[in-house]
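Here is data-v6.cif, consisting of mmCIF, C-alpha atoms and all ligand atoms:
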data_final
#
loop_
_atom_site.label_atom_id
_atom_site.label_comp_id
_atom_site.auth_asym_id
_atom_site.auth_seq_id
_atom_site.Cartn_x
_atom_site.Cartn_y
_atom_site.Cartn_z
CA MET A 1 0.00 0.00 0.00
CA ARG A 2 2.44 2.64 -1.21
CA LEU A 3 -0.16 5.41 -1.37
CA GLN A 4 -2.07 4.67 1.83
CA GLY A 5 -3.64 7.84 3.23
CA LYS A 6 -2.81 9.90 0.14
CA SER A 7 -5.25 11.87 -2.01
CA ALA A 8 -4.91 12.15 -5.79
CA ILE A 9 -6.35 13.96 -8.78
CA ILE A 10 -5.99 12.25 -12.17
CA THR A 11 -6.98 14.09 -15.36
CA GLY A 12 -7.73 12.12 -18.50
CA ALA A 13 -8.66 9.53 -15.90
CA VAL A 14 -10.67 7.26 -18.17
CA GLY A 15 -8.24 7.13 -21.07
CA ASN A 16 -5.85 4.20 -21.50
CA ILE A 17 -3.07 5.60 -19.31
CA GLY A 18 -5.32 7.47 -16.85
CA LEU A 19 -7.43 4.41 -16.12
CA ALA A 20 -4.36 2.22 -15.56
CA ALA A 21 -3.03 4.83 -13.10
CA THR A 22 -6.42 5.14 -11.40
CA ARG A 23 -6.59 1.36 -10.88
CA LEU A 24 -3.05 1.22 -9.51
CA PHE A 25 -3.47 4.25 -7.23
CA LEU A 26 -6.67 2.79 -5.76
CA LYS A 27 -5.01 -0.61 -5.28
CA GLU A 28 -2.16 1.14 -3.43
CA GLY A 29 -4.58 2.80 -1.03
CA ALA A 30 -5.05 6.32 -2.43
CA LYS A 31 -8.32 8.21 -2.67
CA VAL A 32 -8.76 9.44 -6.24
CA LEU A 33 -10.73 12.22 -7.94
CA LEU A 34 -11.15 11.12 -11.55
CA VAL A 35 -11.38 14.11 -13.91
CA ASP A 36 -12.26 13.72 -17.57
CA ARG A 37 -14.52 15.37 -20.15
CA ASP A 38 -15.86 11.94 -21.16
CA THR A 39 -19.04 11.62 -19.07
CA ALA A 40 -19.95 8.15 -20.35
CA GLY A 41 -16.40 6.93 -19.75
CA LEU A 42 -16.49 8.23 -16.17
CA ASP A 43 -19.83 6.48 -15.56
CA ARG A 44 -18.39 3.23 -16.90
CA ALA A 45 -15.23 3.53 -14.79
CA MET A 46 -17.12 4.34 -11.60
CA LYS A 47 -18.99 1.01 -11.85
CA GLU A 48 -15.62 -0.62 -11.18
CA PHE A 49 -14.59 1.49 -8.16
CA SER A 50 -15.83 1.96 -4.61
CA ALA A 51 -17.42 5.33 -3.85
CA ASN A 52 -15.39 5.40 -0.61
CA GLN A 53 -12.18 5.64 -2.58
CA ALA A 54 -13.09 7.19 -5.94
CA GLU A 55 -15.20 10.07 -7.22
CA ALA A 56 -15.74 11.30 -10.77
CA LEU A 57 -15.89 14.91 -11.90
CA VAL A 58 -16.63 15.98 -15.48
CA ALA A 59 -14.39 18.84 -16.58
CA ASP A 60 -12.68 20.14 -19.69
CA VAL A 61 -9.05 20.86 -18.74
CA ALA A 62 -8.82 23.50 -21.47
CA LYS A 63 -11.37 25.68 -19.63
CA GLU A 64 -9.85 27.53 -16.70
CA ALA A 65 -13.09 27.83 -14.72
CA GLU A 66 -13.57 24.05 -14.90
CA VAL A 67 -10.01 23.42 -13.75
CA ALA A 68 -10.50 25.84 -10.84
CA ARG A 69 -13.67 23.91 -9.97
CA TYR A 70 -12.05 20.46 -9.85
CA ALA A 71 -9.08 21.84 -7.89
CA ALA A 72 -11.35 23.47 -5.30
CA HIS A 73 -13.50 20.35 -5.09
CA ALA A 74 -10.49 18.09 -4.45
CA ALA A 75 -9.03 20.46 -1.84
CA ALA A 76 -12.35 20.64 0.03
CA LYS A 77 -12.94 16.89 -0.19
CA PHE A 78 -9.44 15.78 0.80
CA GLY A 79 -8.31 18.77 2.87
CA GLY A 80 -5.16 18.91 0.72
CA ILE A 81 -3.73 17.18 -2.35
CA ASP A 82 -0.80 14.73 -2.27
CA ILE A 83 -0.66 13.61 -5.91
CA PHE A 84 -1.67 15.36 -9.10
CA PHE A 85 -1.41 13.32 -12.29
CA ASN A 86 -1.81 16.11 -14.87
CA ASN A 87 -2.33 13.75 -17.78
CA ALA A 88 -5.22 14.60 -20.15
CA GLY A 89 -4.18 15.08 -23.75
CA ILE A 90 -5.17 14.80 -27.40
CA GLU A 91 -3.14 14.04 -30.50
CA GLY A 92 -4.54 16.89 -32.64
CA PRO A 93 -4.37 16.85 -36.43
CA ILE A 94 -2.07 14.35 -38.17
CA THR A 95 -1.20 16.47 -41.19
CA PRO A 96 1.89 17.74 -43.04
CA ILE A 97 3.12 21.14 -41.81
CA ALA A 98 2.09 23.02 -44.95
CA GLU A 99 -1.53 21.92 -44.44
CA TYR A 100 -1.58 21.97 -40.64
CA PRO A 101 -4.67 24.05 -39.69
CA GLU A 102 -4.47 26.97 -37.27
CA ASP A 103 -7.55 25.86 -35.36
CA GLY A 104 -6.09 22.36 -34.93
CA PHE A 105 -2.85 23.85 -33.62
CA ASP A 106 -4.83 26.00 -31.18
CA GLN A 107 -6.92 23.06 -30.04
CA VAL A 108 -3.98 20.77 -29.27
CA MET A 109 -2.13 23.58 -27.48
CA ASP A 110 -5.29 24.46 -25.52
CA VAL A 111 -5.67 20.94 -24.13
CA ASN A 112 -2.08 19.69 -23.88
CA ALA A 113 -0.23 22.87 -22.86
CA LYS A 114 -2.79 25.32 -21.50
CA GLY A 115 -4.76 22.54 -19.80
CA VAL A 116 -1.57 21.45 -18.01
CA PHE A 117 -0.78 25.09 -17.11
CA PHE A 118 -4.28 25.63 -15.71
CA GLY A 119 -3.81 22.50 -13.62
CA VAL A 120 -0.49 23.79 -12.28
CA LYS A 121 -1.99 27.21 -11.58
CA HIS A 122 -5.00 25.96 -9.64
CA VAL A 123 -3.83 22.71 -8.05
CA LEU A 124 -0.25 23.53 -7.05
CA PRO A 125 -1.25 26.09 -4.37
CA LYS A 126 -3.51 23.45 -2.83
CA MET A 127 -0.87 20.68 -2.73
CA ARG A 128 0.63 19.59 0.57
CA GLU A 129 4.32 19.80 1.50
CA TRP A 130 6.20 16.77 0.15
CA SER A 131 3.56 16.10 -2.49
CA SER A 132 4.05 15.18 -6.16
CA MET A 133 2.84 16.37 -9.55
CA ILE A 134 3.37 14.20 -12.60
CA ILE A 135 2.76 15.72 -16.03
CA THR A 136 2.29 13.52 -19.09
CA SER A 137 4.41 14.63 -22.00
CA SER A 138 5.51 12.11 -24.65
CA ILE A 139 8.57 10.90 -26.53
CA MET A 140 7.33 13.62 -28.91
CA GLY A 141 8.20 16.10 -26.14
CA LEU A 142 11.86 15.06 -26.41
CA ARG A 143 12.31 14.91 -30.19
CA GLY A 144 10.58 15.85 -33.42
CA GLY A 145 7.88 13.87 -35.17
CA VAL A 146 6.35 14.21 -38.61
CA ARG A 147 2.79 15.35 -39.37
CA SER A 148 2.12 16.33 -35.76
CA ILE A 149 3.71 19.74 -35.23
CA GLY A 150 1.04 20.93 -32.81
CA TYR A 151 1.36 17.81 -30.67
CA VAL A 152 5.18 17.99 -30.69
CA ALA A 153 5.06 21.69 -29.73
CA SER A 154 2.57 21.05 -26.92
CA LYS A 155 4.54 18.15 -25.48
CA HIS A 156 7.77 20.20 -25.51
CA ALA A 157 5.87 23.10 -23.89
CA VAL A 158 4.93 21.05 -20.84
CA ILE A 159 8.62 20.46 -20.07
CA GLY A 160 8.96 24.23 -19.66
CA ILE A 161 5.84 24.32 -17.53
CA MET A 162 7.18 21.45 -15.42
CA ARG A 163 10.57 23.15 -14.87
CA ALA A 164 8.95 26.47 -13.94
CA ALA A 165 6.56 24.72 -11.54
CA ALA A 166 9.31 22.52 -10.03
CA LYS A 167 11.44 25.59 -9.26
CA ASP A 168 8.50 27.49 -7.84
CA ALA A 169 7.34 24.57 -5.69
CA GLY A 170 10.79 23.51 -4.52
CA PRO A 171 10.78 25.46 -1.24
CA ARG A 172 7.56 23.62 -0.31
CA HIS A 173 9.25 20.27 -1.11
CA ILE A 174 6.77 19.58 -3.86
CA ARG A 175 8.27 17.63 -6.75
CA VAL A 176 7.16 18.09 -10.36
CA ASN A 177 8.27 15.78 -13.16
CA THR A 178 7.25 14.89 -16.70
CA ILE A 179 6.82 11.37 -18.00
CA HIS A 180 7.38 10.54 -21.65
CA PRO A 181 5.50 7.45 -22.75
CA GLY A 182 6.66 5.70 -25.90
CA PHE A 183 4.29 3.82 -28.18
CA VAL A 184 1.27 2.59 -26.23
CA LYS A 185 -1.25 0.45 -28.10
CA SER A 186 -4.19 2.74 -27.44
CA GLU A 187 -7.14 4.46 -29.06
CA MET A 188 -4.88 7.46 -29.60
CA LEU A 189 -2.25 5.44 -31.46
CA GLY A 190 -5.03 3.64 -33.36
CA ARG A 191 -6.31 6.99 -34.65
CA ILE A 192 -2.77 8.02 -35.66
CA GLN A 193 -2.22 4.70 -37.47
CA LYS A 194 -5.54 5.04 -39.31
CA ARG A 195 -4.80 8.60 -40.41
CA ASN A 196 -1.28 7.74 -41.63
CA THR A 197 -2.67 4.78 -43.54
CA GLU A 198 -5.20 7.13 -45.21
CA LEU A 199 -2.27 9.33 -46.20
CA GLY A 200 -0.65 6.26 -47.82
CA LEU A 201 2.18 6.14 -45.28
CA PRO A 202 3.61 3.19 -43.35
CA ALA A 203 1.75 2.85 -40.08
CA GLY A 204 1.60 -0.84 -39.17
CA ASP A 205 2.75 -2.22 -35.83
CA ALA A 206 5.98 -3.50 -37.43
CA PHE A 207 6.81 0.02 -38.65
CA TYR A 208 6.58 1.42 -35.11
CA MET A 209 8.27 -1.51 -33.41
CA ARG A 210 11.31 -1.32 -35.73
CA GLN A 211 12.06 2.05 -34.09
CA VAL A 212 12.03 0.64 -30.56
CA PRO A 213 15.05 -1.33 -29.27
CA PHE A 214 12.82 -3.50 -27.06
CA GLY A 215 10.60 -4.12 -30.13
CA ILE A 216 7.37 -4.14 -28.11
CA TYR A 217 4.62 -1.69 -27.17
CA VAL A 218 4.61 -0.12 -23.72
CA THR A 219 1.50 -1.07 -21.76
CA PRO A 220 -0.61 1.50 -19.87
CA HIS A 221 0.12 -0.46 -16.68
CA GLU A 222 3.88 -0.07 -17.25
CA ILE A 223 3.37 3.69 -17.58
CA ALA A 224 1.26 3.66 -14.41
CA GLN A 225 4.03 1.87 -12.49
CA THR A 226 6.45 4.72 -13.20
CA VAL A 227 3.75 7.21 -12.25
CA LEU A 228 3.32 5.26 -9.00
CA PHE A 229 7.04 5.57 -8.28
CA LEU A 230 6.85 9.34 -8.82
CA ALA A 231 3.66 9.59 -6.75
CA SER A 232 5.02 7.58 -3.84
CA ASP A 233 7.53 8.57 -1.15
CA ASP A 234 10.12 6.42 -2.99
CA SER A 235 10.82 9.45 -5.21
CA ARG A 236 11.03 12.07 -2.45
CA GLN A 237 14.01 13.95 -3.92
CA VAL A 238 13.26 13.41 -7.63
CA THR A 239 12.12 16.69 -9.18
CA GLY A 240 12.47 18.58 -12.45
CA GLN A 241 13.12 15.36 -14.38
CA THR A 242 11.97 14.09 -17.77
CA ILE A 243 11.46 10.34 -17.55
CA ALA A 244 10.96 8.29 -20.71
CA ILE A 245 9.10 4.98 -20.52
CA ASP A 246 9.72 3.86 -24.05
CA GLY A 247 11.58 0.56 -24.38
CA GLY A 248 14.64 2.53 -25.51
CA TYR A 249 13.04 4.59 -28.31
CA MET A 250 14.94 7.69 -27.20
CA LEU A 251 18.34 5.95 -27.39
N1 LIG B 301 -1.13 6.54 -26.28
C1 LIG B 301 0.14 6.83 -26.52
O1 LIG B 301 0.81 6.12 -27.30
C2 LIG B 301 0.79 8.01 -25.83
C3 LIG B 301 2.17 8.19 -26.01
C4 LIG B 301 2.78 9.27 -25.39
C5 LIG B 301 2.04 10.15 -24.62
N2 LIG B 301 0.70 9.97 -24.48
C6 LIG B 301 -0.02 10.93 -23.66
O2 LIG B 301 -0.61 10.25 -22.58
C7 LIG B 301 -1.75 10.99 -22.12
C8 LIG B 301 -2.92 10.04 -21.99
O3 LIG B 301 -3.19 9.51 -23.26
P1 LIG B 301 -3.85 8.07 -23.52
O4 LIG B 301 -2.90 7.27 -24.30
O5 LIG B 301 -4.40 7.54 -22.25
O6 LIG B 301 -4.99 8.56 -24.52
P2 LIG B 301 -6.57 8.39 -24.43
O7 LIG B 301 -7.10 9.08 -25.65
O8 LIG B 301 -6.92 6.98 -24.18
O9 LIG B 301 -6.92 9.22 -23.12
C9 LIG B 301 -6.95 10.61 -23.04
C10 LIG B 301 -8.03 10.98 -22.04
O10 LIG B 301 -8.02 12.40 -21.87
C11 LIG B 301 -9.36 12.87 -21.94
N3 LIG B 301 -9.35 14.24 -22.44
C12 LIG B 301 -8.95 14.67 -23.66
N4 LIG B 301 -9.11 15.99 -23.75
C13 LIG B 301 -9.62 16.40 -22.54
C14 LIG B 301 -10.02 17.65 -22.03
N5 LIG B 301 -9.94 18.77 -22.77
N6 LIG B 301 -10.49 17.71 -20.77
C15 LIG B 301 -10.59 16.60 -20.01
N7 LIG B 301 -10.25 15.37 -20.45
C16 LIG B 301 -9.77 15.29 -21.71
C17 LIG B 301 -10.06 11.93 -22.90
O11 LIG B 301 -11.47 11.96 -22.71
C18 LIG B 301 -9.43 10.59 -22.51
O12 LIG B 301 -10.15 9.94 -21.48
C19 LIG B 301 -1.96 12.12 -23.12
O13 LIG B 301 -1.43 13.32 -22.60
C20 LIG B 301 -1.16 11.65 -24.33
O14 LIG B 301 -0.74 12.72 -25.13
C21 LIG B 301 0.06 8.91 -25.05
#
Take the structure I supplied and represent it as C-alpha cells, if you would.
Ligand SMILES: NC(=O)c1ccc[n+]([C@@H]2O[C@H](COP(=O)([O-])OP(=O)(O)OC[C@H]3O[C@@H](n4cnc5c(N)ncnc54)[C@H](O)[C@@H]3O)[C@@H](O)[C@H]2O)c1
Amino acid sequence: MRLQGKSAIITGAVGNIGLAATRLFLKEGAKVLLVDRDTAGLDRAMKEFSANQAEALVADVAKEAEVARYAAHAAAKFGGIDIFFNNAGIEGPITPIAEYPEDGFDQVMDVNAKGVFFGVKHVLPKMREWSSMIITSSIMGLRGGVRSIGYVASKHAVIGIMRAAAKDAGPRHIRVNTIHPGFVKSEMLGRIQKRNTELGLPAGDAFYMRQVPFGIYVTPHEIAQTVLFLASDDSRQVTGQTIAIDGGYML
C-alpha cells in the first residue's frame, strides 16, 4: 500500500493511461478524484470502483473555470492534495506542416499545454508539503515527429511548464516531473495509425516496433508503475526530471 492515506487527482482519468493509473493508485490505497470530459467513460469507470475511494468529476481541462472547480472540489474533499497526475491530452491533427490548420494547432495547445498550465496554476497552491505532480508529455516532447507539429510543440511546452513549476514549488518540497510514454497500443495510437494509412504512409505495428530497441509496445500499466514511483515517497528527492518509458526509443 504505497499510497495509503494519500489523495490524488488524475486528469484524462478514463483514457488508456489514466485508467491504468487510477486502478493502480486505488489498489495502493489512495483516494482518487477522476477528472475527464468523457461523461460516459467516467460512468463506466465508476462502476468498477468503490465510492469510498473514488469520485468522478466531469471537466474540460482547457477551460480555466472548470479546472478551478475540480481543484477546489479536491481540496475541500481531501483537505489537501498529495498527488496530481496532470495527464489529459489529445493528439490533434495528423497532417503535413504546410496543411496543418491553425484551429487544430490552437486546439492541441489548448488541451495539452494550457490545460496542463491551468492544472499547475490551480492545483499547485492546494498541494501539501512533500507532495508530487506528474505531467504527461511524450517521446514527442523530447524529439521531433512528422505530421504532428502541434502535438510535438505542446509536449515540448509542458517540459517548460514542469521546470517552472518545479522551481517554484521547490521550497515547499513539492516535486514536479514529466513522463514521456513511448508507443502505447491505445485508441490514440489507433487513430494516428488510421490517419497515416489514409495518407498512404507506413503505419503498421511492425513500422513502429522497428524504431524501438525492445521491439514491443509499452502497456498503460507499465506507464502507471512509473507514475506510482513518482507519486510515492520512494521518489522524495526526484524533481524537475523528464522520464521516458519507451523501451529505448529515445536511445
Ligand atoms: N497513447 C500513446 O501512445 C501516448 C504516447 C505518449 C504520450 N501519451 C499521452 O498520454 C496521455 C494520456 O493519453 P492516452 O494514451 O491515455 O490517450 P486516451 O485518448 O486513451 O486518453 C486521453 C483521455 O483524456 C481525456 N481528455 C482529452 N481531452 C480532454 C479535455 N480537454 N479535458 C478533459 N479530459 C480530456 C479523454 O477523454 C481521454 O479519457 C496524453 O497526454 C497523451 O498525449 C500517449
Checklist line | Shell around range 177-190 of chain A at 6 Å using all atoms listed in the file, local window under 2 positions removed, as an MDAnalysis selection string | finding: chainID A and resid 134:139 192:193 217:219 239:246
Margin query: I'd like the neighbourhood of range 166-170 of chain A as a list in words, where a residue qualifies if any of its atoms comes within 10 Å (using only C-alpha atoms), though same-chain residues fewer than 3 positions away should be ignored.
Written below: Leu124, Pro125, Met127, Glu129, Trp130, Ser131, Ser132, Met133, Gly160, Ile161, Met162, Arg163, His173, Ile174, Arg175, Val176, Asn177, Thr239, Gly240 and Gln241 of chain A
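Nearest to ligand LIG 301 (chain B) of all the residues A:Ile159, A:Ala76, A:Val111, A:Leu26 is A:Val111, based on all atoms listed in the file.
Here the question is which of A:Ala13, A:Val158, A:Val227, A:Val152 gets nearest to Phe117 in chain A using only C-alpha atoms, and that residue is A:Val158.
Proximity ranking of A:Arg2, A:Lys155, A:His73, A:Lys121 relative to Met109 in chain A places A:Lys155 first, based on only C-alpha atoms.
Across the model, the gap from CA of Tyr208 in chain A to atom N3 of ligand LIG 301 (chain B) is 24.1 Å.
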Margin query: Report, in Å with one decimal, the straight-line distance from CA of Lys31 in chain A to CA of Ala113 in chain A.
Written below: 26.2 Å
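For the atom pair formed by CA of Asp43 in chain A and atom C16 of ligand LIG 301 (chain B), the distance is 14.7 Å, given to one decimal.
Contact shell of Ala62 in chain A at 6 Å (all atoms listed in the file; same-chain neighbours under 2 positions omitted): Asp60, Asp110, Val111 and Gly115 of chain A.
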